[in-house]
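This report refers to the structure that appears directly beneath it.
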Amino acid sequence: MMGPVLGQAAVPRDIGVFEFLFGSEYWTGPGGILASLWDTLVMCSAVMAVATIIAVPLATVLAHHGRGELSITWVVTLSRAVPTFAVAGLLVPISLRRGWGFEPWPIFIALLLLALPPIYLNTYTGVRGIDRGVIDAARGMGLSERSVLLNVELALATSVMLAGIRVAAVQVVATEPIRAFLGGDGLGRYVRDGLGQNNDNLLLAGAILVAGLAALTGTIFGLMRRLLPPGVRRLA
Amino acid sequence: MTPVAQATNPIIRWEWIIDEWDQIREALVQHLELTVLSVALGVVVAAVLSAVALRFRFMVSPITGFTGFLYTIPSVALFGLLVPYFGLSRLTAVLPLAAYTLLILVTNTVAGFNAVPESVRDAAKGMGLTPVRRVVEVELPLALPYIIAGLRIAVVSTAGLVTVAAIIGQGGLGALILDGLQRTFWTPMTIGASLSILLALVLDGAIYALGRWATPWTRRAKAS
């Protein structure tokens, strides 16, 4: 008995985990691993880009003016409690009724809510944690307020901010696979298909792919820190 | 489903809630059971891990490293990895959910015990309390606010994650979401999603209240 066509070949019922992961015919073509990986990466990159564009300026400006201290307590709680599946589940009917389809908006917004808190939190605490003396010195040297914000506060908070972006990225990549259960595709599809077809090896291979990408994301963002100038890196 | 049918299919059809009340209640109970079971297992394991970490200092970083590693494994992948071994069973749902609570519970428990002032420890020792009584009667109550704070986050995030357990057929409110999705009938989806969020908030409030009741001195300290 053959499963549905994934990639360029049908997935046989009795496929081995490694046979699937190392079979080039499953990597290429529509529904293949490469196409699914690309799907997932596009979604996650878009979420991360928008989350960073919203959270970093907001947190920097609020922290610069010493406002929104109270928001931190809320954000800390939120950051570990966003029920992504439920949020996306609420948004799917709304999106469909408006004719926007299953994808990408519901899952995009749900993932965005997941990514915003860690980035906001780390940027805010990073900026607030800078020694007041450094900022006073920068002002005393005649730097404009704008320059203090961008060249001193944001620059010195970079390392802490990157740590927040890393946490957000890992969570987004780790959560994106639920999209396959909400009418979409992406790398989670093999887990879904493995469950649906009662095919344990396809399921295992899918789980390995999903977990592998999350681990890889954490490693890559961890390495990004090394690209920072040594002086900035030491501050974290 | 044609687009026309979708457009006429309302987000919520109130009479469905009355007709299918039994189904909703069953999902809610399953959801609650899964949440409580997972957090309870998490608390037991976290207590052991925290005790080891507090007794043997060199174990702190391996234990936090391990629980942190568990936390980063995607839920879909972890459920998927366990299905071939434990089948579509409740255990397959509870093990990952409990594993995800460990990081926050261990971190907060260790922080709570570390925050006990040295003078208090010395005083308890000076009063001649046995080591067991020192931990249970003096250190544990003082660490409790930290532990409760961790427990709140663990419960809220678990209640949210239980919806994902529906993909391995363990029911709960996530099953309503999946059911609505498959039938493109939005009422169960809306109900399942909003009830799971509501349940998380109620549980959070309940543990907050429990914490206030269990540590009355923290209120008094703030008032004075």
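For the structure tokens, the naming scheme is as follows: chains receive sequential letters (A, B, ...) according to their order of presentation, residues are indexed from 1 within each chain, and ligands are indexed from 1 in presentation order.
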Q.
If we count only C-alpha atoms and set the cut-off at 7 Å, which residues sit around Tyr190 in chain A, ignoring sequence neighbours fewer than 3 positions away in its own chain? Please answer as a PyMOL selection string.
A. chain A and resi 187+193-194+202-203+206
Hey, can you spit out that residue selection with N, CA and C atoms as a PDB file, in the first residue's frame?
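In the end it all went to out28.pdb:
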```pdb
ATOM      1  N   LEU A 187       7.015  22.304   7.665  1.00  0.00           N
ATOM      2  CA  LEU A 187       7.767  21.118   8.066  1.00  0.00           C
ATOM      3  C   LEU A 187       6.971  20.186   8.989  1.00  0.00           C
ATOM      4  N   ASP A 193       1.041  13.850   8.656  1.00  0.00           N
ATOM      5  CA  ASP A 193       0.757  12.725   7.761  1.00  0.00           C
ATOM      6  C   ASP A 193       1.084  11.395   8.433  1.00  0.00           C
ATOM      7  N   GLY A 194       2.168  11.363   9.201  1.00  0.00           N
ATOM      8  CA  GLY A 194       2.539  10.134   9.906  1.00  0.00           C
ATOM      9  C   GLY A 194       1.449   9.722  10.890  1.00  0.00           C
ATOM     10  N   LEU A 202       7.361   7.535   9.355  1.00  0.00           N
ATOM     11  CA  LEU A 202       7.197   8.868   8.774  1.00  0.00           C
ATOM     12  C   LEU A 202       7.043   9.897   9.897  1.00  0.00           C
ATOM     13  N   LEU A 203       6.281   9.510  10.926  1.00  0.00           N
ATOM     14  CA  LEU A 203       6.074  10.364  12.095  1.00  0.00           C
ATOM     15  C   LEU A 203       7.401  10.678  12.779  1.00  0.00           C
ATOM     16  N   GLY A 206       9.537  12.927  10.663  1.00  0.00           N
ATOM     17  CA  GLY A 206       9.002  14.287  10.727  1.00  0.00           C
ATOM     18  C   GLY A 206       9.379  14.968  12.026  1.00  0.00           C
TER      19      GLY A 206
END
```
Within 6 Å of chain A, which residues of chain B come that close, and what is the closest atom pair and distance in Å for each? Count only C-alpha atoms and give it as a tab-separated table.
```
residue	atom	partner	partner_atom	distance
B:Ala7	CA	A:Arg97	CA	5.3
B:Ile73	CA	A:Ala211	CA	5.9
B:Pro74	CA	A:Ala174	CA	4.3
B:Ala77	CA	A:Ala207	CA	4.0
B:Gly80	CA	A:Ala207	CA	5.6
B:Leu81	CA	A:Leu204	CA	5.5
B:Pro84	CA	A:Asp200	CA	5.6
B:Val156	CA	A:Ala81	CA	5.6
B:Ser157	CA	A:Ala81	CA	4.3
B:Gly160	CA	A:Pro83	CA	4.3
B:Trp186	CA	A:Pro93	CA	6.0
B:Thr190	CA	A:Leu90	CA	5.4
B:Ala193	CA	A:Ala86	CA	4.4
```
How would the residues just picked look written out with N, CA and C atoms as a tab-separated table (two decimals), in the first residue's frame?
```tsv
chain	number	residue	atom	x	y	z
B	7	ALA	N	-19.11	31.74	4.05
B	7	ALA	CA	-19.53	33.08	4.42
B	7	ALA	C	-20.80	33.05	5.27
B	73	ILE	N	12.57	21.59	22.92
B	73	ILE	CA	12.11	20.60	21.95
B	73	ILE	C	10.69	20.98	21.52
B	74	PRO	N	10.45	21.10	20.22
B	74	PRO	CA	9.10	21.48	19.76
B	74	PRO	C	8.06	20.47	20.24
B	77	ALA	N	7.05	17.80	17.79
B	77	ALA	CA	8.08	16.78	17.62
B	77	ALA	C	8.10	15.82	18.80
B	80	GLY	N	5.27	13.54	18.70
B	80	GLY	CA	5.52	12.62	17.59
B	80	GLY	C	6.54	11.56	17.95
B	81	LEU	N	7.60	11.96	18.66
B	81	LEU	CA	8.66	11.01	19.01
B	81	LEU	C	8.16	9.94	19.97
B	84	PRO	N	5.34	6.38	18.68
B	84	PRO	CA	5.71	5.00	18.35
B	84	PRO	C	5.97	4.14	19.58
B	156	VAL	N	-0.37	27.90	33.49
B	156	VAL	CA	-0.94	28.65	32.37
B	156	VAL	C	-0.38	28.14	31.04
B	157	SER	N	0.95	27.91	31.00
B	157	SER	CA	1.50	27.46	29.72
B	157	SER	C	1.07	26.03	29.42
B	160	GLY	N	-2.39	25.97	27.96
B	160	GLY	CA	-2.35	26.35	26.56
B	160	GLY	C	-1.85	25.23	25.67
B	186	TRP	N	-17.45	26.53	12.48
B	186	TRP	CA	-16.59	27.33	13.35
B	186	TRP	C	-16.96	27.33	14.81
B	190	THR	N	-14.29	28.04	17.85
B	190	THR	CA	-14.30	29.26	18.65
B	190	THR	C	-14.46	28.92	20.13
B	193	ALA	N	-11.20	27.20	21.51
B	193	ALA	CA	-10.10	28.14	21.66
B	193	ALA	C	-10.36	29.12	22.80
```
Q | Selection: 10 Å around Ala138 in chain A, only C-alpha atoms, excl. self and same-chain fewer than 3 positions, as a list in words | A |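 Contacts, in chain order: Arg132, Gly133, Val134, Ile135, Met141, Gly142, Leu143, Ser144, Glu145, Ser147, Val148, Asn151, Val152 and Glu153 of chain A.
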Convert the current residue selection to file output with N, CA and C atoms, as a short mmCIF file (atom, residue, chain, number, x, y, z; two decimals), in the first residue's frame.
```
data_model
loop_
_atom_site.label_atom_id
_atom_site.label_comp_id
_atom_site.auth_asym_id
_atom_site.auth_seq_id
_atom_site.Cartn_x
_atom_site.Cartn_y
_atom_site.Cartn_z
N ARG A 132 23.91 54.28 34.50
CA ARG A 132 23.49 55.67 34.28
C ARG A 132 24.68 56.57 33.96
N GLY A 133 25.80 56.28 34.60
CA GLY A 133 27.01 57.10 34.39
C GLY A 133 27.42 57.14 32.93
N VAL A 134 27.28 56.02 32.24
CA VAL A 134 27.66 55.95 30.82
C VAL A 134 26.79 56.90 30.01
N ILE A 135 25.47 56.88 30.31
CA ILE A 135 24.54 57.73 29.56
C ILE A 135 24.80 59.20 29.87
N MET A 141 29.28 64.63 26.77
CA MET A 141 30.16 64.78 25.61
C MET A 141 29.46 65.53 24.49
N GLY A 142 28.18 65.86 24.72
CA GLY A 142 27.45 66.64 23.73
C GLY A 142 26.72 65.82 22.69
N LEU A 143 26.53 64.54 22.94
CA LEU A 143 25.76 63.72 22.00
C LEU A 143 24.30 64.14 22.03
N SER A 144 23.66 64.13 20.87
CA SER A 144 22.24 64.46 20.83
C SER A 144 21.45 63.32 21.48
N GLU A 145 20.22 63.61 21.87
CA GLU A 145 19.36 62.59 22.49
C GLU A 145 19.23 61.38 21.56
N SER A 147 21.31 60.40 19.33
CA SER A 147 22.58 59.67 19.29
C SER A 147 22.76 58.84 20.56
N VAL A 148 22.33 59.41 21.69
CA VAL A 148 22.40 58.66 22.95
C VAL A 148 21.57 57.39 22.81
N ASN A 151 23.32 55.24 19.50
CA ASN A 151 24.73 54.86 19.54
C ASN A 151 25.20 54.41 20.91
N VAL A 152 24.45 54.77 21.94
CA VAL A 152 24.88 54.35 23.28
C VAL A 152 23.94 53.28 23.83
N GLU A 153 22.66 53.66 24.01
CA GLU A 153 21.74 52.72 24.68
C GLU A 153 21.50 51.47 23.85
#
```
Would you kindly return, as an mmCIF file with N, CA and C atoms, in the first residue's frame, each protein, DNA or RNA residue with an atom no farther than 9 Å from any atom of Thr109 in chain B, considering only C-alpha atoms and excluding same-chain residues fewer than 5 positions away?
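Result file is part.cif:
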```cif
data_model
loop_
_atom_site.group_PDB
_atom_site.id
_atom_site.type_symbol
_atom_site.label_atom_id
_atom_site.label_comp_id
_atom_site.auth_asym_id
_atom_site.auth_seq_id
_atom_site.Cartn_x
_atom_site.Cartn_y
_atom_site.Cartn_z
ATOM 1 N N ALA B 46 10.228 18.010 39.487
ATOM 2 C CA ALA B 46 10.960 19.251 39.752
ATOM 3 C C ALA B 46 11.415 19.310 41.202
ATOM 4 N N ALA B 47 10.586 18.778 42.131
ATOM 5 C CA ALA B 47 10.967 18.783 43.538
ATOM 6 C C ALA B 47 12.225 17.945 43.741
ATOM 7 N N SER B 50 15.178 19.754 42.109
ATOM 8 C CA SER B 50 15.578 20.924 42.888
ATOM 9 C C SER B 50 16.317 20.496 44.139
ATOM 10 N N ILE B 104 10.825 26.009 34.403
ATOM 11 C CA ILE B 104 10.368 27.123 35.237
ATOM 12 C C ILE B 104 10.256 26.692 36.704
ATOM 13 N N ASN B 114 17.400 29.665 47.594
ATOM 14 C CA ASN B 114 18.615 30.480 47.686
ATOM 15 C C ASN B 114 18.336 31.840 48.307
ATOM 16 N N ALA B 143 10.476 30.050 50.804
ATOM 17 C CA ALA B 143 10.695 29.898 49.362
ATOM 18 C C ALA B 143 9.378 29.845 48.600
ATOM 19 N N LEU B 144 8.275 29.685 49.321
ATOM 20 C CA LEU B 144 6.977 29.441 48.702
ATOM 21 C C LEU B 144 6.540 30.504 47.677
ATOM 22 N N TYR B 146 8.228 32.188 45.590
ATOM 23 C CA TYR B 146 8.921 31.916 44.324
ATOM 24 C C TYR B 146 8.320 30.680 43.650
ATOM 25 N N ILE B 147 8.086 29.637 44.470
ATOM 26 C CA ILE B 147 7.569 28.381 43.919
ATOM 27 C C ILE B 147 6.181 28.610 43.314
ATOM 28 N N ILE B 148 5.357 29.391 44.033
ATOM 29 C CA ILE B 148 4.000 29.676 43.531
ATOM 30 C C ILE B 148 4.070 30.442 42.221
ATOM 31 N N GLY B 150 6.372 30.310 39.997
ATOM 32 C CA GLY B 150 6.731 29.358 38.950
ATOM 33 C C GLY B 150 5.564 28.462 38.584
#
```
**Q.** Shortest interatomic distance to Pro62 in chain B - which of B:Val94, B:Ile168, B:Leu103, B:Leu37, counting only C-alpha atoms
**A.** B:Leu103
**Q.** Within 12 Å of range 209-215 of chain B using only C-alpha atoms, minus same-chain residues under 4 positions, as number ranges by chain
**A.** B: 140-152, 202-205, 219-221
Q: Tell me, in Å to one decimal, how far CA of Val135 in chain B is from CA of Val43 in chain B.
A: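 Straight-line distance from CA of Val135 in chain B to CA of Val43 in chain B works out to 17.3 Å.
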**Q.** Atom pair CA of Gly164 in chain A / CA of Val76 in chain B: separation (Å)
**A.**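 Separating CA of Gly164 in chain A from CA of Val76 in chain B is a distance of 22.8 Å.
Using only C-alpha atoms, the residues found no farther than 9 Å from Ile33 in chain A, other than those of its own chain fewer than 2 positions away, are Leu6, Gly7, Leu21, Tyr26, Trp27, Thr28, Gly29, Pro30, Gly31, Ala35, Ser36, Leu37, Trp38, Gly186, Leu187, Tyr190 and Leu209 of chain A.
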Q: Can you work out the spacing between CA of Ala59 in chain A and CA of Leu216 in chain A in Å, to one decimal?
A: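 Going from CA of Ala59 in chain A over to CA of Leu216 in chain A covers 27.6 Å.
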Q: Could you give me, as an MDAnalysis selection string, the residues within 8 Å of range 178-180 of chain B, counting only C-alpha atoms and dropping anything in the same chain fewer than 2 positions from it?
A: (chainID A and resid 181:182) or (chainID B and resid 166:167 174:176 182:189)
Q: Would you mind writing down, as a PyMOL selection string, each residue of range 1-183 of chain A that DSSP on the backbone assigns to helix (DSSP H, G or I)?
A: chain A and resi 17-22+24-27+33-64+69-79+84-97+105-128+132-140+145-181
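The residue that comes closest to Met48 in chain A, out of A:Arg225, A:His64, A:Arg128, A:Arg166 and on the basis of only C-alpha atoms, is A:Arg166.
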